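Okay, input.pdb now, which holds PDB, C-alpha atoms:
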```
MODEL        1
ATOM      1  CA  MET A   1     -17.679   5.009  -6.441
ATOM      2  CA  ASN A   2     -15.092   7.792  -6.551
ATOM      3  CA  GLN A   3     -12.105   7.862  -8.909
ATOM      4  CA  MET A   4      -9.586   6.859  -6.223
ATOM      5  CA  GLN A   5     -11.703   3.875  -5.200
ATOM      6  CA  ALA A   6     -11.979   2.849  -8.857
ATOM      7  CA  LEU A   7      -8.173   3.040  -9.181
ATOM      8  CA  LEU A   8      -7.727   0.757  -6.161
ATOM      9  CA  ASN A   9     -10.208  -1.736  -7.528
ATOM     10  CA  ASP A  10      -8.959  -1.692 -11.128
ATOM     11  CA  CYS A  11      -5.198  -1.434 -10.552
ATOM     12  CA  LEU A  12      -4.663  -3.375  -7.332
ATOM     13  CA  LEU A  13      -7.507  -5.652  -6.276
ATOM     14  CA  ARG A  14      -8.168  -6.978  -9.763
ATOM     15  CA  THR A  15      -4.715  -8.615  -9.720
ATOM     16  CA  LYS A  16      -5.980 -10.955  -6.962
ATOM     17  CA  HIS A  17      -2.540 -10.509  -5.337
ATOM     18  CA  VAL A  18      -3.359  -7.431  -3.242
ATOM     19  CA  GLU A  19      -5.420  -8.212  -0.160
ATOM     20  CA  HIS A  20      -5.937  -4.730   1.353
ATOM     21  CA  ALA A  21      -5.127  -1.331  -0.104
ATOM     22  CA  ALA A  22      -5.451   2.382   0.563
ATOM     23  CA  ILE A  23      -4.576   5.769  -0.870
ATOM     24  CA  ILE A  24      -3.646   8.195   1.910
ATOM     25  CA  SER A  25      -3.181  11.966   1.625
ATOM     26  CA  LEU A  26       0.343  13.031   2.582
ATOM     27  CA  LYS A  27      -0.752  16.496   3.738
ATOM     28  CA  LYS A  28      -3.873  15.618   5.697
ATOM     29  CA  GLY A  29      -3.159  12.000   6.640
ATOM     30  CA  THR A  30      -6.699  11.104   5.602
ATOM     31  CA  VAL A  31      -7.640   7.957   3.726
ATOM     32  CA  TYR A  32      -9.063   8.876   0.283
ATOM     33  CA  ALA A  33      -9.939   5.335  -0.695
ATOM     34  CA  SER A  34      -9.543   1.951   0.935
ATOM     35  CA  THR A  35     -10.662  -1.629   0.865
ATOM     36  CA  PHE A  36     -13.054  -3.000   3.448
ATOM     37  CA  GLY A  37     -11.321  -3.571   6.757
ATOM     38  CA  PHE A  38      -8.498  -1.111   6.122
ATOM     39  CA  ASN A  39      -9.042   1.383   8.887
ATOM     40  CA  ASN A  40      -5.687   1.579  10.693
ATOM     41  CA  LEU A  41      -3.122   4.177   9.709
ATOM     42  CA  LEU A  42       0.525   3.165   9.542
ATOM     43  CA  GLN A  43       2.589   3.456  12.714
ATOM     44  CA  VAL A  44       6.334   3.312  12.128
ATOM     45  CA  ARG A  45       8.600   1.809  14.758
ATOM     46  CA  ARG A  46      12.351   1.508  14.933
ATOM     47  CA  GLU A  47      12.269  -2.249  14.428
ATOM     48  CA  GLY A  48       9.832  -2.250  11.515
ATOM     49  CA  LEU A  49       6.229  -1.319  10.975
ATOM     50  CA  TYR A  50       3.134  -2.156  12.954
ATOM     51  CA  PHE A  51       0.035  -2.528  10.772
ATOM     52  CA  LYS A  52      -3.358  -4.148  11.420
ATOM     53  CA  GLU A  53      -2.132  -5.543  14.747
ATOM     54  CA  LYS A  54       0.856  -7.300  13.124
ATOM     55  CA  GLN A  55       4.574  -6.533  13.313
ATOM     56  CA  TYR A  56       6.441  -6.399   9.985
ATOM     57  CA  ARG A  57      10.158  -6.163   9.236
ATOM     58  CA  CYS A  58      11.565  -3.962   6.510
ATOM     59  CA  VAL A  59      13.087  -5.750   3.506
ATOM     60  CA  ARG A  60      13.564  -2.702   1.260
ATOM     61  CA  ALA A  61      13.240   1.043   1.634
ATOM     62  CA  ASP A  62      14.193   3.899  -0.659
ATOM     63  CA  GLU A  63      13.136   7.484  -1.270
ATOM     64  CA  TYR A  64       9.634   6.540  -2.478
ATOM     65  CA  SER A  65       8.912   2.935  -1.456
ATOM     66  CA  ILE A  66       8.996   0.648   1.529
ATOM     67  CA  TYR A  67       8.503  -3.113   1.359
ATOM     68  CA  ILE A  68       7.892  -4.935   4.606
ATOM     69  CA  LYS A  69       6.957  -8.510   5.413
ATOM     70  CA  LYS A  70       5.832 -10.874   8.090
ATOM     71  CA  GLN A  71       5.769 -14.653   8.062
ATOM     72  CA  ASP A  72       2.622 -15.077   5.964
ATOM     73  CA  GLY A  73       2.392 -11.831   3.998
ATOM     74  CA  GLY A  74       3.636  -8.326   3.493
ATOM     75  CA  LEU A  75       2.908  -4.690   2.780
ATOM     76  CA  VAL A  76       4.040  -2.323   0.038
ATOM     77  CA  ALA A  77       3.788   1.460   0.536
ATOM     78  CA  VAL A  78       4.739   3.927  -2.200
ATOM     79  CA  LYS A  79       4.795   7.724  -1.886
ATOM     80  CA  THR A  80       3.717  10.094  -4.645
ATOM     81  CA  LYS A  81       3.565  13.885  -4.502
ATOM     82  CA  LEU A  82       0.187  13.892  -2.733
ATOM     83  CA  TYR A  83      -0.518  10.323  -1.599
ATOM     84  CA  ILE A  84       0.793   7.141  -0.077
ATOM     85  CA  VAL A  85      -0.485   4.080  -1.935
ATOM     86  CA  VAL A  86      -0.572   0.977   0.274
ATOM     87  CA  GLY A  87      -1.211  -2.643  -0.663
ATOM     88  CA  THR A  88      -0.936  -5.843   1.341
ATOM     89  CA  TYR A  89      -0.554  -9.461   0.275
ATOM     90  CA  SER A  90      -1.110 -12.671   2.178
ATOM     91  CA  GLU A  91      -0.191 -16.328   1.919
ATOM     92  CA  GLY A  92      -0.990 -17.757  -1.512
ATOM     93  CA  MET A  93      -0.550 -14.410  -3.266
ATOM     94  CA  TYR A  94       2.527 -13.464  -5.276
ATOM     95  CA  PRO A  95       4.421 -10.606  -3.587
ATOM     96  CA  SER A  96       5.953  -9.564  -6.918
ATOM     97  CA  VAL A  97       2.490  -9.001  -8.438
ATOM     98  CA  CYS A  98       1.445  -6.886  -5.440
ATOM     99  CA  VAL A  99       4.671  -4.832  -5.673
ATOM    100  CA  GLU A 100       4.248  -4.306  -9.414
ATOM    101  CA  ALA A 101       0.581  -3.282  -9.103
ATOM    102  CA  VAL A 102       1.201  -0.793  -6.270
ATOM    103  CA  GLU A 103       4.274   0.696  -7.987
ATOM    104  CA  LYS A 104       2.379   1.052 -11.304
ATOM    105  CA  LEU A 105      -0.529   2.835  -9.625
ATOM    106  CA  ALA A 106       1.934   5.192  -7.896
ATOM    107  CA  ASP A 107       3.667   5.837 -11.246
ATOM    108  CA  TYR A 108       0.285   6.642 -12.808
ATOM    109  CA  LEU A 109      -0.510   9.098  -9.999
ATOM    110  CA  ARG A 110       2.936  10.722 -10.365
ATOM    111  CA  GLU A 111       2.342  11.166 -14.117
ATOM    112  CA  LYS A 112      -0.924  12.952 -13.278
ATOM    113  CA  GLY A 113       0.958  15.226 -10.867
ATOM    114  CA  SER A 114      -0.583  13.650  -7.783
TER     115      SER A 114
ENDMDL
END
```
Reformat the file's structure so that it appears as structure tokens.
Amino acid sequence: MNQMQALLNDCLLRTKHVEHAAIISLKKGTVYASTFGFNNLLQVRREGLYFKEKQYRCVRADEYSIYIKKQDGGLVAVKTKLYIVVGTYSEGMYPSVCVEAVEKLADYLREKGS
């Protein structure tokens, strides 16, 4: 297991409130690490975001983060210098735990200069 995959497992999936996750290179657009079943890249649309064959609406967006949701779940994407960290949550999971875990992993990567 590579270091990025270990970070996803330890920082996001272990919370049990992140369903799918990925770390994506900003320069290359390649997926460095991901959970099983996460094979679609993000496709932004004017009315929200389309991800894994579902339409989401934006609830918050700033310089580094975007939070989007659908009826039974949501997605959190946070940009660092080199990566985009993405986590999803579904019904029965706490969105706030997913947000906190994804933001903390992004902060850690920023501290490392990534």
Centre, x/y/z edge lengths, axis-aligned box for region 63-81 of chain A with 3 Å per side, as AutoDock Vina command-line options:
```
--center_x 7.8 --center_y -0.6 --center_z 1.7 --size_x 16.7 --size_y 35.0 --size_z 18.7
```
For the atom pair CA of Met93 (chain A) and CA of Tyr32 (chain A), what is the interatomic distance in Å to one decimal place?
->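 Computed distance, CA of Met93 (chain A) to CA of Tyr32 (chain A), equals 25.0 Å.
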Straight-line distance linking CA of Asp10 (chain A) with CA of Lys104 (chain A), stated in Å to one decimal = 11.7 Å
I want to know what sits within 7 Å of Leu75 (chain A), based on all atoms listed in the file, with residues of the same chain fewer than 3 positions away left out; could you give that as a compact mmCIF listing (two decimals) with C-alpha atoms, in the coordinates of the input?
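Contents of the output file out_16.txt:
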```
# COMPACT_ATOMS: atom_id res chain seq x y z
CA TYR A 67 8.50 -3.11 1.36
CA ILE A 68 7.89 -4.93 4.61
CA LYS A 69 6.96 -8.51 5.41
CA GLY A 87 -1.21 -2.64 -0.66
CA THR A 88 -0.94 -5.84 1.34
CA TYR A 89 -0.55 -9.46 0.28
```
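Distance check against Glu111 (chain A) using only C-alpha atoms: of A:Pro95, A:Lys81, A:Ala61, A:Val86, the minimum falls on A:Lys81.
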Selection: 10 Å around His20 (chain A), all atoms listed in the file, excl. self and same-chain fewer than 2 positions, as a PyMOL selection string = chain A and resi 8+12-13+17-18+22+34-38+75+86-90
Given all atoms listed in the file as the counted atoms, nearest of A:Arg60, A:Arg110, A:Lys52, A:Lys27 to Ala77 (chain A) |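 That would be A:Arg60, the residue with the smallest distance to Ala77 (chain A).
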Computed gap from CA of Asp72 (chain A) to CA of Met4 (chain A) is 27.9 Å
Repaired coordinates for region 63-76 of chain A (N, CA and C atoms) as a PDB file, keeping the file's coordinate frame:
```pdb
ATOM      1  N   GLU A  63      13.739   6.158  -1.373  1.00  0.00           N
ATOM      2  CA  GLU A  63      13.136   7.484  -1.270  1.00  0.00           C
ATOM      3  C   GLU A  63      11.611   7.466  -1.395  1.00  0.00           C
ATOM      4  N   TYR A  64      11.066   6.549  -2.207  1.00  0.00           N
ATOM      5  CA  TYR A  64       9.634   6.540  -2.478  1.00  0.00           C
ATOM      6  C   TYR A  64       8.895   5.310  -1.965  1.00  0.00           C
ATOM      7  N   SER A  65       9.580   4.202  -1.746  1.00  0.00           N
ATOM      8  CA  SER A  65       8.912   2.935  -1.456  1.00  0.00           C
ATOM      9  C   SER A  65       9.451   2.275  -0.205  1.00  0.00           C
ATOM     10  N   ILE A  66       8.572   1.507   0.432  1.00  0.00           N
ATOM     11  CA  ILE A  66       8.996   0.648   1.529  1.00  0.00           C
ATOM     12  C   ILE A  66       8.278  -0.687   1.356  1.00  0.00           C
ATOM     13  N   TYR A  67       9.048  -1.764   1.441  1.00  0.00           N
ATOM     14  CA  TYR A  67       8.503  -3.113   1.359  1.00  0.00           C
ATOM     15  C   TYR A  67       8.776  -3.772   2.703  1.00  0.00           C
ATOM     16  N   ILE A  68       7.735  -4.285   3.313  1.00  0.00           N
ATOM     17  CA  ILE A  68       7.892  -4.935   4.606  1.00  0.00           C
ATOM     18  C   ILE A  68       7.165  -6.270   4.575  1.00  0.00           C
ATOM     19  N   LYS A  69       7.605  -7.205   5.413  1.00  0.00           N
ATOM     20  CA  LYS A  69       6.957  -8.510   5.413  1.00  0.00           C
ATOM     21  C   LYS A  69       6.871  -9.092   6.802  1.00  0.00           C
ATOM     22  N   LYS A  70       5.969 -10.039   6.909  1.00  0.00           N
ATOM     23  CA  LYS A  70       5.832 -10.874   8.090  1.00  0.00           C
ATOM     24  C   LYS A  70       5.822 -12.309   7.586  1.00  0.00           C
ATOM     25  N   GLN A  71       5.639 -13.258   8.452  1.00  0.00           N
ATOM     26  CA  GLN A  71       5.769 -14.653   8.062  1.00  0.00           C
ATOM     27  C   GLN A  71       4.833 -15.054   6.919  1.00  0.00           C
ATOM     28  N   ASP A  72       3.595 -14.622   6.958  1.00  0.00           N
ATOM     29  CA  ASP A  72       2.622 -15.077   5.964  1.00  0.00           C
ATOM     30  C   ASP A  72       2.082 -13.965   5.066  1.00  0.00           C
ATOM     31  N   GLY A  73       2.856 -12.897   4.868  1.00  0.00           N
ATOM     32  CA  GLY A  73       2.392 -11.831   3.998  1.00  0.00           C
ATOM     33  C   GLY A  73       3.305 -10.627   4.057  1.00  0.00           C
ATOM     34  N   GLY A  74       2.825  -9.530   3.501  1.00  0.00           N
ATOM     35  CA  GLY A  74       3.636  -8.326   3.493  1.00  0.00           C
ATOM     36  C   GLY A  74       2.832  -7.106   3.118  1.00  0.00           C
ATOM     37  N   LEU A  75       3.515  -5.972   3.073  1.00  0.00           N
ATOM     38  CA  LEU A  75       2.908  -4.690   2.780  1.00  0.00           C
ATOM     39  C   LEU A  75       3.859  -3.890   1.903  1.00  0.00           C
ATOM     40  N   VAL A  76       3.294  -3.195   0.927  1.00  0.00           N
ATOM     41  CA  VAL A  76       4.040  -2.323   0.038  1.00  0.00           C
ATOM     42  C   VAL A  76       3.430  -0.933   0.161  1.00  0.00           C
TER      43      VAL A  76
END
```
